[in-house]
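See structure below.
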Amino acid sequence: MGHREQADETKAVADDGVDVTLIHWMLSLTPAERLQVLQSNIRSLEKLRGAADRR
Amino acid sequence: MPPTVADVSGLLRVLAEHDVEFMVVGGVCALIHGAPVSTFDLDIVPERSVANVDRILRALLSIQALHRDLAGGSIAPDPSRLRGSGHNLFITRSGPLEVLGTVGQGRDFAALASRSHPVDVGDGLTVRVLDLDALIEIKREVGREKDMATLPILVRTLAERRKLESDPQTS
């Protein structure tokens with residue numbers, strides 16, 4: 001990993017381990033869009049769970 | 001029959017359509033404020049007057065709410081429990097819903113009202129949401145492991161929001 005990549009990673013993840021880029025992305029959305037992200041995540045996880053159950 | 005997918009927006013709409021006075025707290029509150037967290041239920045703190053509890057009851061009945069019961073029983077919503085300060089955990093046809101009389105160190109709707117604001121969550125629906133700094137305070141008060149686990153994300157989200165508010169050009 002080069003110095004530049006290392007610096008980028010340091011910027012993206014704060015000292016407490018929180019991914020700041022994810023926060024920035026969420027903050028770029030409206031509250032309604034954030035709820036849609038949640039709903040979409042829940043549906044995806046349900047699908048994955050369904051697939052796992054069918055194995 | 002339990003739902004296969006939680007419908008958070010659907011739950012919010014049912015509460016709004018029944019004119020229930022409430023505020024969103026918990027994971028959905030954090031998410032609405034922009035914290036990258038996930039959750040499978042909706043937590044609300046309702047105003048606990050007799051009239052509002054009656055409206056909650058009607059909303060709960062419309063979505064076939066039953067208390068979540070580890071023993072597998074089917075316990076219908078009980079107005080006296082809804083008027084109390086405890087936590088009522090329901091499963092509904094739109095997913096899990098937690099109706100919390102108080103949160104943190106005994107803070108109820110009246111105590112938190114000034115620290116909450118209406119938020120447009122789309123499709124013409126506006127709901128009252130606890131402020132992020134108040135949510136952080138409450139999570140610190142409670143101090144459970146699961147609350148402490150998400151705390152750094154909430155604190156960082158609040159800091160980033162404040163940065164954006166003070167200098168929108170930096171985003």
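As shown in the structure tokens, the chain order sets the letters A, B, ...; within each chain, residues go from 1, and ligands are also counted from 1 in the order they appear.
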
Return as a tab-separated table the residues of chain A lying at most 12 Å from chain B, together with the closest atom-to-atom pair for each and the distance in Å to one decimal, counting only C-alpha atoms, with rows in chain order and ascending residue number.
```
residue	atom	partner	partner_atom	distance
A:Val13	CA	B:Arg156	CA	10.8
A:Ala14	CA	B:Arg156	CA	8.6
A:Asp15	CA	B:Pro152	CA	10.2
A:Asp16	CA	B:Pro152	CA	6.8
A:Gly17	CA	B:Pro152	CA	8.3
A:Val18	CA	B:Ile153	CA	6.0
A:Asp19	CA	B:Ile153	CA	8.3
A:Val20	CA	B:Arg156	CA	7.7
A:Thr21	CA	B:Pro36	CA	9.9
A:Leu22	CA	B:Pro36	CA	6.4
A:Ile23	CA	B:Pro36	CA	5.9
A:His24	CA	B:Glu160	CA	7.6
A:Trp25	CA	B:Gly34	CA	8.5
A:Met26	CA	B:Gly34	CA	5.0
A:Leu27	CA	B:Gly34	CA	5.1
A:Ser28	CA	B:Ser171	CA	8.4
A:Leu29	CA	B:Gly34	CA	7.8
A:Thr30	CA	B:Val121	CA	8.1
A:Pro31	CA	B:Ile32	CA	5.0
A:Ala32	CA	B:Val121	CA	4.2
A:Glu33	CA	B:Gly122	CA	8.0
A:Arg34	CA	B:Ile32	CA	6.1
A:Leu35	CA	B:Ile32	CA	6.7
A:Gln36	CA	B:Ser9	CA	8.6
A:Val37	CA	B:Ser38	CA	9.3
A:Leu38	CA	B:Ser38	CA	6.4
A:Gln39	CA	B:Asp7	CA	7.0
A:Ser40	CA	B:Val5	CA	10.1
A:Asn41	CA	B:Ser38	CA	7.8
A:Ile42	CA	B:Val5	CA	6.9
A:Arg43	CA	B:Val5	CA	6.3
A:Ser44	CA	B:Val5	CA	9.7
A:Leu45	CA	B:Val5	CA	9.3
A:Glu46	CA	B:Val5	CA	6.8
A:Lys47	CA	B:Val5	CA	9.5
A:Arg49	CA	B:Thr4	CA	10.3
A:Gly50	CA	B:Thr4	CA	9.6
```

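The list of residues with at least one atom within 10 Å of segment 13-17 of chain B, based on only C-alpha atoms and without residues fewer than 2 positions apart in the same chain, reads Asp7, Val8, Ser9, Gly10, Leu11, Asp19, Val20, Glu21, Phe22, Arg55, Ile56, Leu57, Arg58, Ala59, Leu60, Ser62, Ile63, Ser94, Asp123, Gly124, Leu125, Thr126 and Val127 of chain B.
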
Next on the checklist: I'd like the contact shell of Ser80 of chain B - 12 Å cut-off, only C-alpha atoms, skipping same-chain residues fewer than 5 positions apart - returned as a PyMOL selection string.
Outcome noted: chain B and resi 48-50+53-54+56-57+85-86+88+101

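With only C-alpha atoms as the atoms that count, the minimum distance from Arg107 of chain B to the choices B:Leu82, B:Val129, B:Val142, B:Leu42 is reached by B:Val142.
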
Checklist entry - Near Gly104 of chain B, within 10 Å and counting only C-alpha atoms, which residues show up once chain neighbours fewer than 5 positions away are dropped, as a PyMOL selection string? => result chain B and resi 135+137-143

Would you mind exporting C-alpha atoms of the selected residues as a short mmCIF file (atom, residue, chain, number, x, y, z; two decimals), in the first residue's frame?
```cif
data_model
loop_
_atom_site.label_atom_id
_atom_site.label_comp_id
_atom_site.auth_asym_id
_atom_site.auth_seq_id
_atom_site.Cartn_x
_atom_site.Cartn_y
_atom_site.Cartn_z
CA LEU B 135 -30.34 10.25 21.82
CA GLU B 137 -27.30 11.40 26.18
CA ILE B 138 -29.92 8.70 26.70
CA LYS B 139 -27.69 5.96 25.37
CA ARG B 140 -24.99 7.10 27.81
CA GLU B 141 -27.52 7.08 30.66
CA VAL B 142 -28.66 3.57 29.85
CA GLY B 143 -25.09 2.33 29.36
#
```

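One distance worth recording is that between atom CA of Asn52 of chain B and atom CA of Pro96 of chain B, which is 20.3 Å.
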
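Of the residues under consideration (B:Val45, B:Ala30, B:Ala113, B:Leu97), B:Val45 shows the shortest atom-to-atom contact distance to Gly84 of chain B when counting only C-alpha atoms.
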
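Atom CA of Gly26 of chain B to atom CA of Ile75 of chain B spans 24.0 Å [interatomic distance, one decimal].
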
Next on the checklist: Residues of segment 14-166 of chain B classed as strand (DSSP E or B) by DSSP on the backbone are to be reported as number ranges by chain.
Outcome noted: B: 22-25, 42-46, 66-67, 75, 87-92, 95-100, 103, 107, 116-120, 126-130

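A straight line drawn from atom CA of Ala149 of chain B to atom CA of Pro118 of chain B is 27.1 Å long.
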